[in-house]
Amino acid sequence: QVERLFVFALMWSLGAMLELDDREKLQNFISEKGGIDLPKPKDHETIFEYMVDTTGEWAHWLTKVPEYDYPKDSTPDYLSILVPNVDNIRTDFLINIICKQEKAVLLIGEQGTAKTVMIKGFTGKYDPELHASKSLNFSSATQPGMFQRSIESYVDKRVGTTYGPPAGKKMTVFIDDINMPQINDWGDQITNEIVRQLMETKGFFNLEKPGEFTNIVDIEFVAAMIQPGGGRNDIPQRLKRHFNIFNCTLPSNASIDKIFSTVGCGHFISERGFSAEICELVTKLVPITRKLWQRTKTKMLPTPAKFHYVFNLRDLSRIWQGMLNSLSDVISSPSILMGLWKHECERVIADRFTNFEDLEWFGKTIKQIVAEELGDTAVEEMPSEPYMVDFLREPPEPTGEEPDDFVFDAPKVYEPIQSYDQLKHKLNEFMESYNETIRGSAMDLVFFKDAMTHLVKISRIIRTPRGNALLVGVGGSGKQSLTRLSSFIAGYNSFQITLTRSYSVSNLLEDLKILYRTAGQEGKGMTFIFTDNEIKDESFLEYMNNVLASGEVSNLFARDEMDEIQNELIPIMKKEYPRHPPTVENLQEYFYTRVKANLHVVLCFSPVGEKFRNRSLKFPALISGCTMDWFQKWPRDALVAVSQHFLANYDIVATTAVKESLVHLMGSVHDGVSNSCTEYFQRFRRQTYVTPKSYLSFLDGYKGLYKEKKDNLSLLSERMETGLKKLSEATESVNELSKELVVKEKDLAVANKEADIVLKDVTVSAEAAEVVKKQVQKVKDKAQALVDEIAADKQVAEGKLEAAKPALEEAERALQTIKAADISTVRKLAKPPHLIMRIMDVACILFQKRLDTITMDPEKPTFKPSWGESLRLMGSPGFLNALLTFPKDTINGETVELMAPYLEADDYNMETAKKVSGNVAGLCSWSIAMSFFFTINKEVLPLKAGLIIQEKRLERANSDLSVAQATLDAKEAELAIVRGRYDTAMSSKQRLMDDAEACRRKMQNATTLIEGLSGERIRWTASSKRFQEQILRLVG
């Protein structure tokens, strides 16, 4: 048993990297030594097909392969299907043995040997509560810093500078394409050097804190890479020594047939409604498909110009993925099944061919293999150009009985097209709907045969789960337009980055965030169109490589952003997968699964130059992660269809036959130039291109030049026609003008007579108005003299009154200081001061109140005041207001004479009054001011009386003036009417004179024109005819 285990260990250590032929050599070498217990392999097998079982005996790996039961009542997710076979069971066993010891594993092998699938299948078996897994994709642009930041994002801090996976778990990190990073000028692969450092020292130096070493624990590594050589890098020996390396060889033909027969025969069964004839034919198509793939792989080898001619098991898988989209009510006959099979083979394999010779070879090979396996009858029944689409069905009509969650979208049934006309009609409907729905980006596509087939191809790719497309064609081939329409038909939203001068990697990552949120969080279908013109920085392709390879971009979302996304996904995941617990790992996996299912990347690249080849080699997922569609040059019928579209309704002066010939000529010219470019390359090995964009520019240029020349000739012709027309009009005009002139001269004579009559009336009316005007002026002068005299008298009176104004104002101010309470106080005095009683006597005199009989006062050397009358005056209502509004003009000489004895007293002044009477002293100032006002007013009163008389006279004068003015206005109105008649008559006369003069000038000009151009009529007629003929010939 130990010996057998030793041999098994020998096989998978020294022999682990051997190819199939070399394994047989190792087996023969061990056998020749003899004495070793080796298994007895069957034909075409080696000892590598055996293992040591738990009893210590040799057992064939086949005994360890479980059977895969394809479900009969449902269709599983194709990408989740993993059919067990010897190769993946054996590799899984070997990975498990090594990883249990916490050692690293590296799988090498050609493309399509399921390295990635096997490793992800192995890591998928871990209990996510105890052991996490992450995957990275290397490319030629991957830098050490990217790798370090990715690893740092996977771990959390534990103790000090020690970091590890979250929650104390262990983690396996899978690095795909580990050999892709670029080798620098010194032969170092620096990205892999930091991988080696992490594996050896269990950590790396902190980028934020120089000198601090970050320890990383509980992390294991598995990796995969393609075989080095042929332009592909190897990894450094110092890194390689840390890996246990296993070579993944291609499965045997029997294994391949078993895998795809399990899938194909599991889908095409009677339980799904397929007939027995269909099920039997599918069984035969499994080996036929493999043989077609193998012949293509053998014949179509990659070259520098056809570097993408790499065919692997992924292609076989994609063929059967497309086959499984079918339904039993569509695949009703073997011919339809053969059409589906041929369509899928051509889409996956032939659509990447770069020339028509390779396409022709593939078509012949399909017929040859089908004839060999199924007979000539099957070849005859197989459609020549089958195309399958899923957008021909119409949406269901609403009946009103549908449930609330019923979807009225058209059913997506994968079925063959009946004819190109049917497809064209349907695509035109979609284009009209697109133009109505998507504002600001109207499409005007010509659906010739090639355009329709490319749209079908793109539609098939993006409708496939995780389907990404690589469209390769020169500029103007329609890659972006067809993609947008295909996306619209599929019900997806299209997205394209908006390139600006400052657009950088950070902007690309922000755009990717938007795409990931839309596709993963909202669950909406998205088509990401990315062209080679948008590759501002080659590092953009590093992120696109990750999107295409694994669907994950490291550090795209910050931790808080990812937490927010996962929280929103919890109810959605519970509804779709009620048995899956909403753990962080499950939610993250669910998010990325939705992203991969809903986000479809469509790369639109040009094959011109070396950039496309170099990028594809540096970033392998651009080829391996996409289904390729190579846009061939437009065939002649496509060129004719496009020119027909743009020229059919264009204004060209030609017969229908000539216009049809022009349409065909446009296509022939472009096709001829394209063929010349091919010959030029074959002779001089220098590549030149005429692209569809050139052809569209050619059509636009022709239309622009034709319009320019036609407009020029039409203008010249129009000038000739205008000249001839003017000559004809001039002759007719002379005759008409001569008749008009006779009539106008008669009208002019009548107008002269009318003007003379009106002029006499104007003269009479003007003289009468002048007499009245002189009379009015005399009245006006008289009134003005009175106005001037009144103004002078008024000015003298106002001047004299102005002298009394300060005293009056002072008196008014003094009165305003007196309050009703002051008056009441004075009235209540039993024996008021003598001066107050005298002041009140003066007030009684001014108000013309009765005074007592004059007697001398026994106490004062003056007469006795009439205090009783004063009290009655003060007690009258409105006494203060009467003082303020006292009528000053009523004061006469007698009143002032009676006031004089009082005013002449020595103590009758303001100062004394203030001392004895307080605020009532204002009456003293007021009484003095009234006496002073009279001395001035007695001179002004005669003037005021004179003014009143003068104003009466002025009123009479103004009345007379109004009557005279009214008479004058009436005369002026009469004069204006007569003058209006005169002006009308004169303007009519002048108009008739101008018309007659214009008529004479026109006659003279026309006569001069006719006489001067009489010799040009013949030449102009000939030129006009010649220009029309040139317009007819202008088309060519």
# chains A, B, ... in the order shown; residues from 1 in each chain; ligands from 1

call {"tool": "residues_around", "arguments": {"residues": "Ala223 of chain A", "least_positions_apart": "5", "cutoff": "6 Å", "atoms": "only C-alpha atoms", "output": "MDAnalysis selection string"}}
result
chainID A and resid 106 174:176

call {"tool": "write_last_selection", "arguments": {"atoms": "N, CA, C and O atoms", "output": "short mmCIF file (atom, residue, chain, number, x, y, z; two decimals), in the first residue's frame"}}
result
data_model
loop_
_atom_site.label_atom_id
_atom_site.label_comp_id
_atom_site.auth_asym_id
_atom_site.auth_seq_id
_atom_site.Cartn_x
_atom_site.Cartn_y
_atom_site.Cartn_z
N LEU A 106 -1.32 25.72 -7.90
CA LEU A 106 -1.32 26.44 -9.17
C LEU A 106 -1.73 25.47 -10.26
O LEU A 106 -1.11 24.42 -10.44
N PHE A 174 -8.14 33.34 -4.81
CA PHE A 174 -7.87 32.73 -6.12
C PHE A 174 -7.39 33.82 -7.07
O PHE A 174 -8.07 34.82 -7.30
N ILE A 175 -6.18 33.63 -7.62
CA ILE A 175 -5.62 34.59 -8.58
C ILE A 175 -5.65 33.92 -9.96
O ILE A 175 -4.91 32.96 -10.21
N ASP A 176 -6.51 34.45 -10.83
CA ASP A 176 -6.61 33.91 -12.18
C ASP A 176 -5.66 34.68 -13.10
O ASP A 176 -5.43 35.88 -12.92
#

call {"tool": "residues_around", "arguments": {"residues": "Met544 of chain A", "least_positions_apart": "2", "cutoff": "12 Å", "atoms": "only C-alpha atoms", "output": "JSON, numbers by chain"}}
result
{"A": [137, 138, 139, 141, 468, 505, 508, 509, 511, 512, 528, 529, 530, 531, 532, 535, 537, 538, 539, 540, 541, 542, 546, 547, 548, 549, 550, 551, 552, 553, 554, 600, 601, 602, 603, 615, 616, 619, 620, 621, 622, 623, 625, 626]}

call {"tool": "residues_around", "arguments": {"residues": "Gln848 of chain A", "least_positions_apart": "5", "cutoff": "12 Å", "atoms": "only C-alpha atoms", "output": "MDAnalysis selection string"}}
result
chainID A and resid 840:843 869:870 873 886 890:892 894:896 898:899

call {"tool": "residues_around", "arguments": {"residues": "Thr289 of chain A", "least_positions_apart": "3", "cutoff": "8 Å", "atoms": "only C-alpha atoms", "output": "PyMOL selection string"}}
result
chain A and resi 285-286+292-293+316+345

call {"tool": "residues_around", "arguments": {"residues": "Pro236 of chain A", "least_positions_apart": "2", "cutoff": "10 Å", "atoms": "only C-alpha atoms", "output": "ChimeraX atom specification"}}
result
/A:179,183,187-190,192-193,196,233-234,238-241

call {"tool": "select_by_dssp", "arguments": {"residues": "segment 571-627 of chain A", "states": "alpha helix (DSSP H)", "output": "mmCIF file with N, CA and C atoms, in the first residue's frame"}}
result
data_model
loop_
_atom_site.group_PDB
_atom_site.id
_atom_site.type_symbol
_atom_site.label_atom_id
_atom_site.label_comp_id
_atom_site.auth_asym_id
_atom_site.auth_seq_id
_atom_site.Cartn_x
_atom_site.Cartn_y
_atom_site.Cartn_z
ATOM 1 N N PRO A 571 -34.678 42.003 1.310
ATOM 2 C CA PRO A 571 -36.040 41.532 0.972
ATOM 3 C C PRO A 571 -36.121 40.910 -0.420
ATOM 4 N N ILE A 572 -35.304 41.416 -1.343
ATOM 5 C CA ILE A 572 -35.334 40.868 -2.713
ATOM 6 C C ILE A 572 -34.800 39.437 -2.712
ATOM 7 N N MET A 573 -33.689 39.202 -2.001
ATOM 8 C CA MET A 573 -33.107 37.863 -1.965
ATOM 9 C C MET A 573 -34.026 36.895 -1.224
ATOM 10 N N LYS A 574 -34.657 37.372 -0.148
ATOM 11 C CA LYS A 574 -35.565 36.484 0.597
ATOM 12 C C LYS A 574 -36.725 36.033 -0.281
ATOM 13 N N LYS A 575 -37.183 36.935 -1.151
ATOM 14 C CA LYS A 575 -38.301 36.593 -2.031
ATOM 15 C C LYS A 575 -37.867 35.589 -3.092
ATOM 16 N N GLU A 576 -36.647 35.737 -3.601
ATOM 17 C CA GLU A 576 -36.181 34.856 -4.677
ATOM 18 C C GLU A 576 -35.606 33.551 -4.123
ATOM 19 N N VAL A 584 -23.701 38.250 5.115
ATOM 20 C CA VAL A 584 -22.933 39.207 4.304
ATOM 21 C C VAL A 584 -22.408 38.528 3.048
ATOM 22 N N GLU A 585 -21.885 37.292 3.212
ATOM 23 C CA GLU A 585 -21.320 36.579 2.059
ATOM 24 C C GLU A 585 -22.403 36.250 1.035
ATOM 25 N N ASN A 586 -23.542 35.759 1.511
ATOM 26 C CA ASN A 586 -24.625 35.413 0.582
ATOM 27 C C ASN A 586 -25.162 36.642 -0.137
ATOM 28 N N LEU A 587 -25.291 37.746 0.593
ATOM 29 C CA LEU A 587 -25.800 38.970 -0.036
ATOM 30 C C LEU A 587 -24.817 39.507 -1.074
ATOM 31 N N GLN A 588 -23.519 39.425 -0.728
ATOM 32 C CA GLN A 588 -22.529 39.912 -1.683
ATOM 33 C C GLN A 588 -22.512 39.037 -2.934
ATOM 34 N N GLU A 589 -22.591 37.729 -2.730
ATOM 35 C CA GLU A 589 -22.626 36.821 -3.866
ATOM 36 C C GLU A 589 -23.882 37.048 -4.711
ATOM 37 N N TYR A 590 -25.006 37.281 -4.029
ATOM 38 C CA TYR A 590 -26.259 37.531 -4.742
ATOM 39 C C TYR A 590 -26.168 38.827 -5.546
ATOM 40 N N PHE A 591 -25.538 39.850 -4.970
ATOM 41 C CA PHE A 591 -25.369 41.127 -5.671
ATOM 42 C C PHE A 591 -24.556 40.951 -6.952
ATOM 43 N N TYR A 592 -23.404 40.272 -6.826
ATOM 44 C CA TYR A 592 -22.554 40.090 -8.006
ATOM 45 C C TYR A 592 -23.187 39.145 -9.022
ATOM 46 N N THR A 593 -23.991 38.191 -8.556
ATOM 47 C CA THR A 593 -24.713 37.318 -9.492
ATOM 48 C C THR A 593 -25.697 38.135 -10.319
ATOM 49 N N ARG A 594 -26.400 39.059 -9.665
ATOM 50 C CA ARG A 594 -27.341 39.923 -10.399
ATOM 51 C C ARG A 594 -26.600 40.850 -11.353
ATOM 52 N N VAL A 595 -25.436 41.332 -10.931
ATOM 53 C CA VAL A 595 -24.639 42.192 -11.822
ATOM 54 C C VAL A 595 -24.254 41.431 -13.083
ATOM 55 N N LYS A 596 -23.730 40.195 -12.891
ATOM 56 C CA LYS A 596 -23.292 39.417 -14.055
ATOM 57 C C LYS A 596 -24.463 39.075 -14.966
ATOM 58 N N ALA A 597 -25.636 38.836 -14.369
ATOM 59 C CA ALA A 597 -26.794 38.459 -15.178
ATOM 60 C C ALA A 597 -27.370 39.656 -15.929
ATOM 61 N N ASN A 598 -27.296 40.856 -15.339
ATOM 62 C CA ASN A 598 -27.986 42.012 -15.926
ATOM 63 C C ASN A 598 -27.078 42.976 -16.670
ATOM 64 N N LYS A 611 -2.958 48.138 -32.064
ATOM 65 C CA LYS A 611 -3.491 48.309 -30.709
ATOM 66 C C LYS A 611 -4.455 47.189 -30.334
ATOM 67 N N PHE A 612 -5.315 46.793 -31.260
ATOM 68 C CA PHE A 612 -6.324 45.784 -30.937
ATOM 69 C C PHE A 612 -5.654 44.471 -30.542
ATOM 70 N N ARG A 613 -4.648 44.060 -31.318
ATOM 71 C CA ARG A 613 -3.960 42.798 -31.021
ATOM 72 C C ARG A 613 -3.214 42.891 -29.693
ATOM 73 N N ASN A 614 -2.497 43.993 -29.487
ATOM 74 C CA ASN A 614 -1.728 44.127 -28.250
ATOM 75 C C ASN A 614 -2.639 44.134 -27.020
ATOM 76 N N ARG A 615 -3.741 44.845 -27.124
ATOM 77 C CA ARG A 615 -4.658 44.907 -25.984
ATOM 78 C C ARG A 615 -5.277 43.547 -25.697
ATOM 79 N N SER A 616 -5.614 42.830 -26.747
ATOM 80 C CA SER A 616 -6.240 41.531 -26.552
ATOM 81 C C SER A 616 -5.282 40.543 -25.900
ATOM 82 N N LEU A 617 -3.999 40.655 -26.212
ATOM 83 C CA LEU A 617 -3.014 39.755 -25.602
ATOM 84 C C LEU A 617 -2.722 40.151 -24.149
ATOM 85 N N LYS A 618 -2.751 41.445 -23.879
ATOM 86 C CA LYS A 618 -2.475 41.909 -22.528
ATOM 87 C C LYS A 618 -3.657 41.685 -21.593
ATOM 88 N N ALA A 621 -9.315 38.598 -21.018
ATOM 89 C CA ALA A 621 -10.777 38.507 -20.902
ATOM 90 C C ALA A 621 -11.487 39.243 -22.029
ATOM 91 N N LEU A 622 -10.791 40.150 -22.711
ATOM 92 C CA LEU A 622 -11.417 40.821 -23.848
ATOM 93 C C LEU A 622 -11.824 39.804 -24.912
ATOM 94 N N ILE A 623 -11.052 38.729 -25.012
ATOM 95 C CA ILE A 623 -11.376 37.669 -25.980
ATOM 96 C C ILE A 623 -12.154 36.551 -25.294
ATOM 97 N N SER A 624 -11.616 36.031 -24.177
ATOM 98 C CA SER A 624 -12.215 34.851 -23.540
ATOM 99 C C SER A 624 -13.555 35.176 -22.880
#

call {"tool": "atom_distance", "arguments": {"atom1": "atom CA of Tyr387 of chain A", "atom2": "atom CA of Asn325 of chain A"}}
result
13.7 Å

call {"tool": "closest_residue", "arguments": {"among": "A:Lys291, A:Lys888, A:Lys915, A:His343", "to": "Met930 of chain A", "atoms": "only C-alpha atoms"}}
result
A:Lys888

call {"tool": "residues_around", "arguments": {"residues": "segment 154-158 of chain A", "least_positions_apart": "3", "cutoff": "10 Å", "atoms": "only C-alpha atoms", "output": "MDAnalysis selection string"}}
result
chainID A and resid 132:134 149:151 161:169 171 173 214:219 554:555

call {"tool": "residues_around", "arguments": {"residues": "Ala638 of chain A", "least_positions_apart": "5", "cutoff": "9 Å", "atoms": "only C-alpha atoms", "output": "PyMOL selection string"}}
result
chain A and resi 446-451+643+667

call {"tool": "write_last_selection", "arguments": {"atoms": "N, CA and C atoms", "output": "CSV table (one decimal), in the first residue's frame"}}
result
chain,number,residue,atom,x,y,z
A,446,VAL,N,-30.3,51.7,-42.2
A,446,VAL,CA,-30.8,51.0,-43.4
A,446,VAL,C,-30.6,49.5,-43.1
A,447,PHE,N,-31.7,48.7,-43.1
A,447,PHE,CA,-31.6,47.3,-42.7
A,447,PHE,C,-31.4,46.5,-44.0
A,448,PHE,N,-30.2,46.5,-44.5
A,448,PHE,CA,-29.8,45.6,-45.5
A,448,PHE,C,-29.4,44.2,-44.8
A,449,LYS,N,-29.1,43.2,-45.6
A,449,LYS,CA,-29.0,41.9,-45.0
A,449,LYS,C,-27.9,41.8,-43.9
A,450,ASP,N,-26.7,42.4,-44.2
A,450,ASP,CA,-25.6,42.3,-43.3
A,450,ASP,C,-26.0,43.0,-42.0
A,451,ALA,N,-26.7,44.2,-42.1
A,451,ALA,CA,-27.0,44.9,-40.9
A,451,ALA,C,-28.0,44.1,-40.0
A,643,SER,N,-27.1,53.4,-50.5
A,643,SER,CA,-27.2,54.5,-51.5
A,643,SER,C,-28.7,54.7,-51.9
A,667,GLY,N,-22.5,52.1,-55.2
A,667,GLY,CA,-22.0,50.8,-54.5
A,667,GLY,C,-20.8,50.3,-55.3

call {"tool": "atom_distance", "arguments": {"atom1": "atom CA of Val348 of chain A", "atom2": "atom CA of Asp629 of chain A"}}
result
8.8 Å

call {"tool": "atom_distance", "arguments": {"atom1": "atom CA of Gly231 of chain A", "atom2": "atom CA of Ile119 of chain A"}}
result
25.2 Å

call {"tool": "closest_residue", "arguments": {"among": "A:Ser332, A:Gln990, A:Asn244, A:Asn355", "to": "Glu277 of chain A", "atoms": "only C-alpha atoms"}}
result
A:Ser332
